[in-house]
Amino acid sequence: MKEEQRKKAAAPTAVCALSGLFYVTVGILFLYGEFPIIVKIFFALWTMASTGMLVYVLAERIKEIRRGENDDLSKY
């Protein structure tokens, strides 16, 4: 990846990492809290799904940057 592309990919990567860390932290807090088991399961699944979606969207954005699509809103 070129230096310019790395710079453009840094912000989405940082946002994905911070959001993923937040989701995982919230999920862990709910697992160790005093909640019914169904709530714990729901939040564990929600955390995994949210983190998975973040990684997928990040991968798609990096592919767009590599193809030279700097303005990702141009498709809409």
# chains A, B, ... in the order shown; residues from 1 in each chain; ligands from 1

$ residues_around --residues "Phe22 of chain A" --least-positions-apart "3" --cutoff "12 Å" --atoms "only C-alpha atoms" --output "VMD selection string"
chain A and resid 15 to 19 25 to 29 47 to 48 50 to 51 54

$ residues_around --residues "segment 62-68 of chain A" --least-positions-apart "5" --cutoff "12 Å" --atoms "only C-alpha atoms" --output "list in words"
Met1, Lys2, Glu3, Glu4, Gln5, Arg6, Lys7, Lys8, Ala9, Ala10, Ala11, Pro12, Thr13, Cys16, Val55, Tyr56, Val57, Leu73, Ser74 and Lys75 of chain A

$ write_last_selection --atoms "N, CA, C and O atoms" --output "compact mmCIF listing (two decimals), in the first residue's frame"
# COMPACT_ATOMS: atom_id res chain seq x y z
N MET A 1 0.85 -1.17 0.00
CA MET A 1 0.00 0.00 0.00
C MET A 1 0.89 1.23 0.00
O MET A 1 1.89 1.29 0.72
N LYS A 2 0.53 2.24 -0.78
CA LYS A 2 1.31 3.46 -0.85
C LYS A 2 1.16 4.26 0.43
O LYS A 2 0.22 4.07 1.21
N GLU A 3 2.10 5.18 0.64
CA GLU A 3 2.09 6.00 1.85
C GLU A 3 0.80 6.82 1.95
O GLU A 3 0.21 6.94 3.02
N GLU A 4 0.35 7.38 0.82
CA GLU A 4 -0.89 8.17 0.82
C GLU A 4 -2.09 7.30 1.18
O GLU A 4 -2.96 7.73 1.93
N GLN A 5 -2.11 6.08 0.67
CA GLN A 5 -3.20 5.16 0.98
C GLN A 5 -3.18 4.76 2.45
O GLN A 5 -4.22 4.60 3.07
N ARG A 6 -1.99 4.60 3.02
CA ARG A 6 -1.89 4.27 4.45
C ARG A 6 -2.46 5.39 5.30
O ARG A 6 -3.13 5.13 6.30
N LYS A 7 -2.18 6.62 4.91
CA LYS A 7 -2.69 7.75 5.68
C LYS A 7 -4.22 7.80 5.62
O LYS A 7 -4.87 8.10 6.61
N LYS A 8 -4.77 7.51 4.45
CA LYS A 8 -6.22 7.53 4.30
C LYS A 8 -6.88 6.36 5.03
O LYS A 8 -8.04 6.46 5.43
N ALA A 9 -6.17 5.26 5.20
CA ALA A 9 -6.72 4.10 5.89
C ALA A 9 -6.55 4.20 7.41
O ALA A 9 -7.15 3.43 8.15
N ALA A 10 -5.75 5.15 7.88
CA ALA A 10 -5.47 5.25 9.32
C ALA A 10 -6.71 5.63 10.11
O ALA A 10 -6.98 5.03 11.17
N ALA A 11 -7.46 6.59 9.65
CA ALA A 11 -8.65 7.04 10.39
C ALA A 11 -9.71 5.94 10.49
O ALA A 11 -10.20 5.67 11.60
N PRO A 12 -10.10 5.28 9.39
CA PRO A 12 -11.08 4.19 9.54
C PRO A 12 -10.58 3.07 10.44
O PRO A 12 -11.35 2.48 11.20
N THR A 13 -9.28 2.78 10.38
CA THR A 13 -8.72 1.73 11.22
C THR A 13 -8.80 2.11 12.69
O THR A 13 -9.17 1.29 13.54
N CYS A 16 -12.43 1.95 13.87
CA CYS A 16 -12.83 0.55 14.02
C CYS A 16 -12.23 -0.05 15.29
O CYS A 16 -12.92 -0.75 16.03
N VAL A 55 -15.34 -4.91 11.41
CA VAL A 55 -14.18 -5.44 10.69
C VAL A 55 -14.51 -5.58 9.20
O VAL A 55 -13.69 -5.25 8.34
N TYR A 56 -15.72 -6.03 8.88
CA TYR A 56 -16.14 -6.16 7.49
C TYR A 56 -16.15 -4.81 6.79
O TYR A 56 -15.62 -4.66 5.68
N VAL A 57 -16.74 -3.81 7.42
CA VAL A 57 -16.81 -2.47 6.83
C VAL A 57 -15.41 -1.88 6.67
O VAL A 57 -15.11 -1.22 5.66
N LEU A 73 -18.58 8.28 -0.72
CA LEU A 73 -19.97 8.70 -0.85
C LEU A 73 -20.38 8.86 -2.31
O LEU A 73 -21.54 9.12 -2.60
N SER A 74 -19.44 8.73 -3.23
CA SER A 74 -19.75 8.93 -4.64
C SER A 74 -20.72 7.87 -5.18
O SER A 74 -21.37 8.08 -6.19
N LYS A 75 -20.82 6.73 -4.51
CA LYS A 75 -21.71 5.67 -4.97
C LYS A 75 -23.17 5.93 -4.61
O LYS A 75 -24.05 5.28 -5.11

$ atom_distance --atom1 "atom CA of Leu58 of chain A" --atom2 "atom CA of Ala44 of chain A"
21.3 Å

$ select_by_dssp --residues "chain A" --states "alpha helix (DSSP H)" --output "CSV table (one decimal) with C-alpha atoms, in the first residue's frame"
chain,number,residue,atom,x,y,z
A,3,GLU,CA,2.1,6.0,1.8
A,4,GLU,CA,-0.9,8.2,0.8
A,5,GLN,CA,-3.2,5.2,1.0
A,6,ARG,CA,-1.9,4.3,4.4
A,7,LYS,CA,-2.7,7.8,5.7
A,8,LYS,CA,-6.2,7.5,4.3
A,9,ALA,CA,-6.7,4.1,5.9
A,10,ALA,CA,-5.5,5.2,9.3
A,11,ALA,CA,-8.7,7.0,10.4
A,12,PRO,CA,-11.1,4.2,9.5
A,13,THR,CA,-8.7,1.7,11.2
A,14,ALA,CA,-8.5,3.8,14.4
A,15,VAL,CA,-12.3,4.3,14.5
A,16,CYS,CA,-12.8,0.6,14.0
A,17,ALA,CA,-10.3,-0.3,16.8
A,18,LEU,CA,-11.8,2.1,19.3
A,19,SER,CA,-15.4,1.0,18.5
A,20,GLY,CA,-14.5,-2.6,18.7
A,21,LEU,CA,-12.8,-2.1,22.0
A,22,PHE,CA,-15.9,-0.3,23.3
A,23,TYR,CA,-18.2,-3.1,22.2
A,24,VAL,CA,-16.0,-5.8,23.7
A,25,THR,CA,-15.7,-3.8,27.0
A,26,VAL,CA,-19.5,-3.4,27.2
A,27,GLY,CA,-19.9,-7.1,26.4
A,28,ILE,CA,-17.5,-8.1,29.2
A,29,LEU,CA,-19.2,-5.8,31.7
A,30,PHE,CA,-22.6,-7.3,30.9
A,31,LEU,CA,-21.2,-10.9,31.2
A,32,TYR,CA,-19.8,-10.3,34.6
A,37,ILE,CA,-28.7,-15.3,31.5
A,38,ILE,CA,-30.8,-14.4,28.5
A,39,VAL,CA,-29.6,-10.7,28.7
A,40,LYS,CA,-26.0,-11.9,29.0
A,41,ILE,CA,-26.4,-14.1,25.9
A,42,PHE,CA,-28.1,-11.3,23.9
A,43,PHE,CA,-25.3,-8.8,24.7
A,44,ALA,CA,-22.6,-11.3,24.0
A,45,LEU,CA,-24.1,-12.1,20.6
A,46,TRP,CA,-24.6,-8.4,19.9
A,47,THR,CA,-21.0,-7.6,20.8
A,48,MET,CA,-19.7,-10.3,18.5
A,49,ALA,CA,-22.0,-9.2,15.6
A,50,SER,CA,-21.1,-5.5,16.0
A,51,THR,CA,-17.4,-6.2,16.1
A,52,GLY,CA,-17.7,-8.5,13.1
A,53,MET,CA,-19.6,-5.8,11.1
A,54,LEU,CA,-17.0,-3.2,12.0
A,55,VAL,CA,-14.2,-5.4,10.7
A,56,TYR,CA,-16.1,-6.2,7.5
A,57,VAL,CA,-16.8,-2.5,6.8
A,58,LEU,CA,-13.2,-1.6,7.5
A,59,ALA,CA,-12.0,-4.3,5.1
A,60,GLU,CA,-14.4,-2.9,2.4
A,61,ARG,CA,-13.2,0.7,3.0
A,62,ILE,CA,-9.5,-0.4,2.7
A,63,LYS,CA,-10.3,-2.1,-0.6
A,64,GLU,CA,-12.0,1.1,-1.8
A,65,ILE,CA,-8.9,3.1,-0.8
A,66,ARG,CA,-6.6,0.7,-2.7
A,67,ARG,CA,-8.8,1.0,-5.8
